[in-house]
Structure formats: C-alpha cells, structure tokens
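Visitor: Sending over a structure as structure tokens; questions will come in a sec.
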Amino acid sequence: MNGRLDAAFALLPEYLGWHVLLSASALGLGVAISLPLAIAAARSPRLRWPLLAGASLIQTIPSLALLALFYPLLLALSSLARQATGHGFSALGFLPSLLALTLYSMLPILRNGAAAILGIDPAVREAADGVGMTARQRLFQVELPLAAPVIMAGVRTAAVWTIGAATLSTPVGQTSLGNYIFAGLQTENWVFVLFGCAASAVLALIADQLLGLMEAGARTRKPVLAVVGAVGLVAGIALAVSPLAGFGKPAAYTIGAKNFSEQYILAEVIAGRLQAAGAEVRRKEDLGSAVAYRALAAGEIDVYVDYSGTLWSNVLGRKDNPGRAEVLKQLTAELKRRDGVVVLGSLGFENAYAFVMRPDRAQALGVASLADLAREAPKLTLGSDLEFLSRPEWKAVDTAYGFGFKTKKSYQPTFMYRALSGGEADVISAFSSDGRIAADGLIVLTDPKAAIPPYDAVVLIAPKRAGDRRLLGALSPLIGKVSVEAMRAANYSVDRDQAKASPAEAARALEERMPLGK
C-alpha cells in the first residue's frame with residue numbers, strides 16, 4: 001500500500017499541473033464566451049432560446065464522447081492547414097480537451113448570467129436612464145455589478161463541472177488526474193483510483209471556495225473578499241502549474257499506449273530501450289484504440305504497440321483471414337502505402353480476442369469450441385470489454401457462428417473477469433495474453449472456423465520516424481523475442497490486487513526473462 005501511495009504522490013505534480021492548467025484555461029475561455037452571450041440573450045428574446053437551448057443540448061452529450069469527437073475534427077483541420085500553409089497543429093491532447101471542456105462550462109454561466117440581468121428591478125434601469133446613462137454605462141455600472149453574485153454562482157458551478165470532466169481527457173492524450181483513475185481501473189490499483197478521485201474532489205472544493213469568496217465580495221459589496229479570492233485563485237493556479245516548466249522542451253520521442261496493463265508494460269519496455277540509447281522520452285497513455293493509430297499516422301506520437309487483428313479489421317476494414325503470416329505481410333505493405341506507417345515487426349506473441357469460460361461451467365454445458373458455444377448461446381450471457389461488441393471482429397465471429405446470446409453485457413475489463421467468476425456472465429471476450437486466464441484456470445474455446453483474425457503484437461513507427469536510426473536500432477532487438485508466457489506473467493503481476501508490481505517493474509522483469517538482445 002505504501003509503495004503505491006508513494007508512486008501516486010510522485011506523479012502528483014505533473015498530473016495536477018496539467019489538470020489545473022486545462023481546467024483553468026477551459027473555465028476562463030468559457031467565461032469569456034458565455035458572458036457576452038448572456039448579455040445578448042438578456043437583451044434579445046429572439047437569441048435567448050437558441051443560445052440557452054444550444055448550451056443545454058451540449059450538456060446532453062456524454063463528456064467522453066464530446067472529447068473524443070473533437071480529435072478527428074481537429075485532425076482533419078490540421079491536415080487541411082498543412083496542405084494550405086505547410087504547417088499543421090497538434091490535434092491530440094490539450095486542444096481537443098480545451099474545446100470540449102469550454103463547451104461544457106458554458107451552460108451555468110450563460111443561464112445564470114441571462115437570468116441575473118433579466119431579474120434586475122426595472123425601476124433600477126429606469127433610474128439609470130433617468131440620470132442620462134448610455135446603454136453601455138448602464139450595463140457596466142449598474143446591471144453587471146448587481147448581477148455579479150448570481151453570475152459568480154454560475155461560474156462556481158461551471159468550475160466544479162469542468163474540474164470533474166477534465167479527468168476524462170486522458171483517452172485523447174491529455175495528462176490529467178484522470179490518468180490515476182484510468183490506469184488504476186485497468187491494473188486494479190485501487191489506491192490510484194481513490195487517489196485520483198480524491199485529488200480531483202479536493203481541487204474542485206478549493207476552487208469552489210476561492211470563487212465563493214469572490215461571490216461573497218460581490219454580494220456584500222466588500223471588495224477585499226473578492227480580491228482575496230482572486231489572488232488565492234491566481235496564486236493557486238501558478239503554484240500548481242509551476243512544475244510543468246520542465247515540460248516545455250519537446251522530448252525526443254513520444255511513446256503511445258492504449259488503456260490496459262499490457263500496453264503500459266510495453267510502453268515502459270520501449271521507454272527503457274530508448275533511454276538506454278540516450279533519448280528523452282514522454283508517454284501518452286490511455287489512448288483510445290482508434291485515436292492511437294490516427295495519432296501515430298499524424299505524427300502526434302512516434303511509436304506504440306498495436307495488434308495485427310485490430311489493424312486488419314479496423315484500419316484496413318478487412319474481414320477475411322488469410323493466416324497469421326500473410327496478415328502481417330499484407331498489413332506491413334498496406335500501412336506503409338496508405339499512411340507511411342512502418343510496421344517494425346511482431347514482438348513474438350499474440351494478444352488475440354478469445355472466448356473464455358470457467359472450466360466447471362464449460363464442462364457442465366459440454367462446450368469446448370465456439371461451435372459448441374453457438375449451440376448453448378441462447379441460454380447464456382456474454383460479457384465483453386467496452387468496445388468489443390462494436391468492433392468488426394465481433395460481427396465477423398457472430399456471423400460465422402450465429403451465436404444469439406440471451407444477454408450481452410459490456411464491462412470495464414477488470415469487472416468483466418469479476419462478472420465471470422461471480423456467475424453474472426457465462427462467457428467473456430478475453431485476451432489470449434492475459435495472465436488472468438492461466439492464473440484463474442479458465443478455458444479458452446477453440447475457433448474451428450478461424451473467424452477471429454491473428455493478433456500479433458506489432459511495433460508501429462510514425463512516418464516521420466521511418467528512417468530514425470536511433471529509434472530503429474533501439475527497438476529492433478525486441479522483434480520476435482517476447483513469448484506469450486512471459487507476457488502473461490508480466491500482465492498478471494500488474495493486474496492483481498495482491499501483486500505489488502508497477503508497469504515499470506513488470507517491464508524490467510520482462511526484460512530479465514527474455515533474451516531481448518542486450
């Protein structure tokens with residue numbers, strides 16, 4: 001426990017700094033946009049409904065979905081800008097997160113601002129007009145000061161929303177306190193999960209109280225309170241982001257990783273190799289599956305590990321299965337032709353989708369293969385990870401066998417295994433290199449129709465790094481040297497509550513187990 005807590009505190013300056021910078025920037029931009037719109041809404045009934053309805057509509061979009069949707073949009077705009085001017089911009093990380101969170105912050109500010117201005121006593125406006133004030137003078141000297149307490153209440157609400165939603169920016173490549181939560185869920189590191197939640201909650205409370213002082217100053221006409229709150233807020237932001245000064249210099253290489261333990265471990269292996277070659281590295285972890293490949297092709301990250309079946313089905317849109325060697329051969333040629341992405345080669349093991357059951361349940365039903373499973377499926381519940389049921393691989397295997405499960409449920413991977421052990425799911429879509437399969441004595445069902453494509457773990461290199469000798473020289477010795485048994489052991493050491501290994505420790509153990517060309 002102490003080791004995990006120490007590791008959490010060691011990461012806090014970076015994670016907190018980025019979280020504060022992102023939240024403060026989004027809130028500041030939200031205020032700058034929403035306040036003029038609130039004034040316009042209060043002045044014009046024709047604008048009021050569309051503006052408030054639009055802001056409310058944004059709130060109905062799930063936060064993670066809105067964050068993810070900005071990435072492909074910005075990527076397309078960056079590509080157009082590069083074609084037009086020769087220069088693009090980063091579509092990963094801070095920018096999509098900033099835009100999405102800004103939109104989320106607008107509703108309470110816009111609604112409170114419009115309501116506050118509309119709620120001012122008409123007699124006050126008449127008095128201002130009577131003394132000869134212009135519309136501009138009346139707004140800034142009378143209406144906004146009177147509306148300030150209600151507007152600040154909206155800003156306080158927006159601040160709490162923004163700080164909470166900022167934890168969801170991790171899958172689009174933005175470091176935040178959400179890194180604790182996403183990584184902790186995948187590795188069953190509940191200390192990280194609780195630490196991330198607590199840090200986010202404390203940050204929201206502090207911001208709310210400081211903004212509350214500013215609100216109290218506006219309400220009671222005591223400028224000292226407002227100044228104290230504003231100074232505290234600015235000082236807190238400056239203090240939180242100060243550790244980020246060392247992140248201004250670009251790292252030599254950016255390593256990507258998806259959001260499960262094997263990816264964290266392999267990212268650490270790659271980082272160790274590059275650091276041993278004298279390179280500075282940075283990590284972009286917890287990326288969504290589609291985001292990771294697009295980020296690599298666009299040069300947002302330099303290297304990461306993906307799986308041939310994922311690339312074959314999702315990137316190339318292929319539904320056939322010409323065999324493991326042929327898939328890898330065609331994939332290498334096609335990714336290079338289409339996107340300039342270099343497939344350095346397979347690490348030597350597969351992390352394939354596999355249908356898994358408890359041995360007692362499989363034996364009772366007489367199920368050993370997917371064909372047997374199809375016979376019993378109408379009576380069974382399938383548990384899957386969050387994306388499997390929407391992937392082409394599921395459509396292909398379901399078409400091949402015609403399952404017709406009684407119920408299908410999606411889980412975060414950690415809870416998917418819990419559901420299998422507890423009987424909430426009869427069969428799950430696991431991963432063949434997951435150490436929990438062997439450790440828990442689970443049965444992997446055979447695939448007699450070869451409906452599931454091969455899933456070699458392959459090292460992918462960004463187009464801009466295709467001729468980078470240091471990168472290729474550091475990583476080439478990994479090709480073909482990682483066995484599935486070694487990977488299962490590394491995954492298991494990270495994935496279990498009783499295990500103490502971090503991804504970095506598991507990566508070092510993996511290096512020691514395998515002849516990785518040192």
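In the structure tokens, the first chain shown is A, the next is B, and so on; residue numbers restart at 1 for each chain, and ligands run from 1 in the order shown.
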At most 8 Å is the cut-off: for each residue in region 54-99 of chain A with any atom that close to an atom of region 149-171 of chain A, write down the nearest atom pair and the distance in Å rounded to one decimal, counting only C-alpha atoms, chain first then increasing number, as JSON lines.

Guide:
{"residue": "A:Ser63", "atom": "CA", "partner": "A:Ala165", "partner_atom": "CA", "distance": 6.7}
{"residue": "A:Leu64", "atom": "CA", "partner": "A:Leu168", "partner_atom": "CA", "distance": 5.9}
{"residue": "A:Leu67", "atom": "CA", "partner": "A:Ser169", "partner_atom": "CA", "distance": 6.7}
{"residue": "A:Ala68", "atom": "CA", "partner": "A:Pro171", "partner_atom": "CA", "distance": 7.8}
{"residue": "A:Gly93", "atom": "CA", "partner": "A:Ser169", "partner_atom": "CA", "distance": 7.5}
{"residue": "A:Ser97", "atom": "CA", "partner": "A:Ser169", "partner_atom": "CA", "distance": 5.7}

Visitor: Based on the selection just made, write C-alpha atoms of those residues as a PDB file, in the first residue's frame.

Guide:
ATOM      1  CA  SER A  63     -18.342  14.078 -21.750  1.00  0.00           C
ATOM      2  CA  LEU A  64     -16.043  11.352 -23.040  1.00  0.00           C
ATOM      3  CA  LEU A  67     -13.837  14.898 -26.027  1.00  0.00           C
ATOM      4  CA  ALA A  68     -13.272  12.058 -28.473  1.00  0.00           C
ATOM      5  CA  GLY A  93      -4.179  16.182 -26.032  1.00  0.00           C
ATOM      6  CA  SER A  97      -9.777  18.713 -24.313  1.00  0.00           C
TER       7      SER A  97
END

Visitor: Excluding Gln209 (chain A) and any residue of its chain fewer than 5 positions from it, enumerate the residues within 9 Å of it, using only C-alpha atoms, and give them as a list in words.

Guide: Arg156, Ala204, Met214 and Gly229 of chain A

Visitor: Using only C-alpha atoms, which residues of region 248-317 of chain A come within 12 Å of region 407-414 of chain A, and what is the closest atom pair for each, with the distance in Å to one decimal? Give it as CSV, sorted by chain and residue number.

Guide:
residue,atom,partner,partner_atom,distance
A:Asn259,CA,A:Pro413,CA,10.2
A:Phe260,CA,A:Pro413,CA,8.4
A:Ser261,CA,A:Pro413,CA,10.3

Visitor: Might you pull out every residue within 8 Å of Leu75 (chain A), with only C-alpha atoms counted and same-chain residues fewer than 5 positions away left off, and present them as number ranges by chain?

Guide: A: 90-91, 298

Visitor: Give the answer as one residue: which of A:Leu27, A:Val172, A:Val367, A:Tyr401 has the shortest atom-to-atom distance to Tyr293 (chain A), using only C-alpha atoms?

Guide: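 Residue with the minimum atom-to-atom distance to Tyr293 (chain A): A:Val172.
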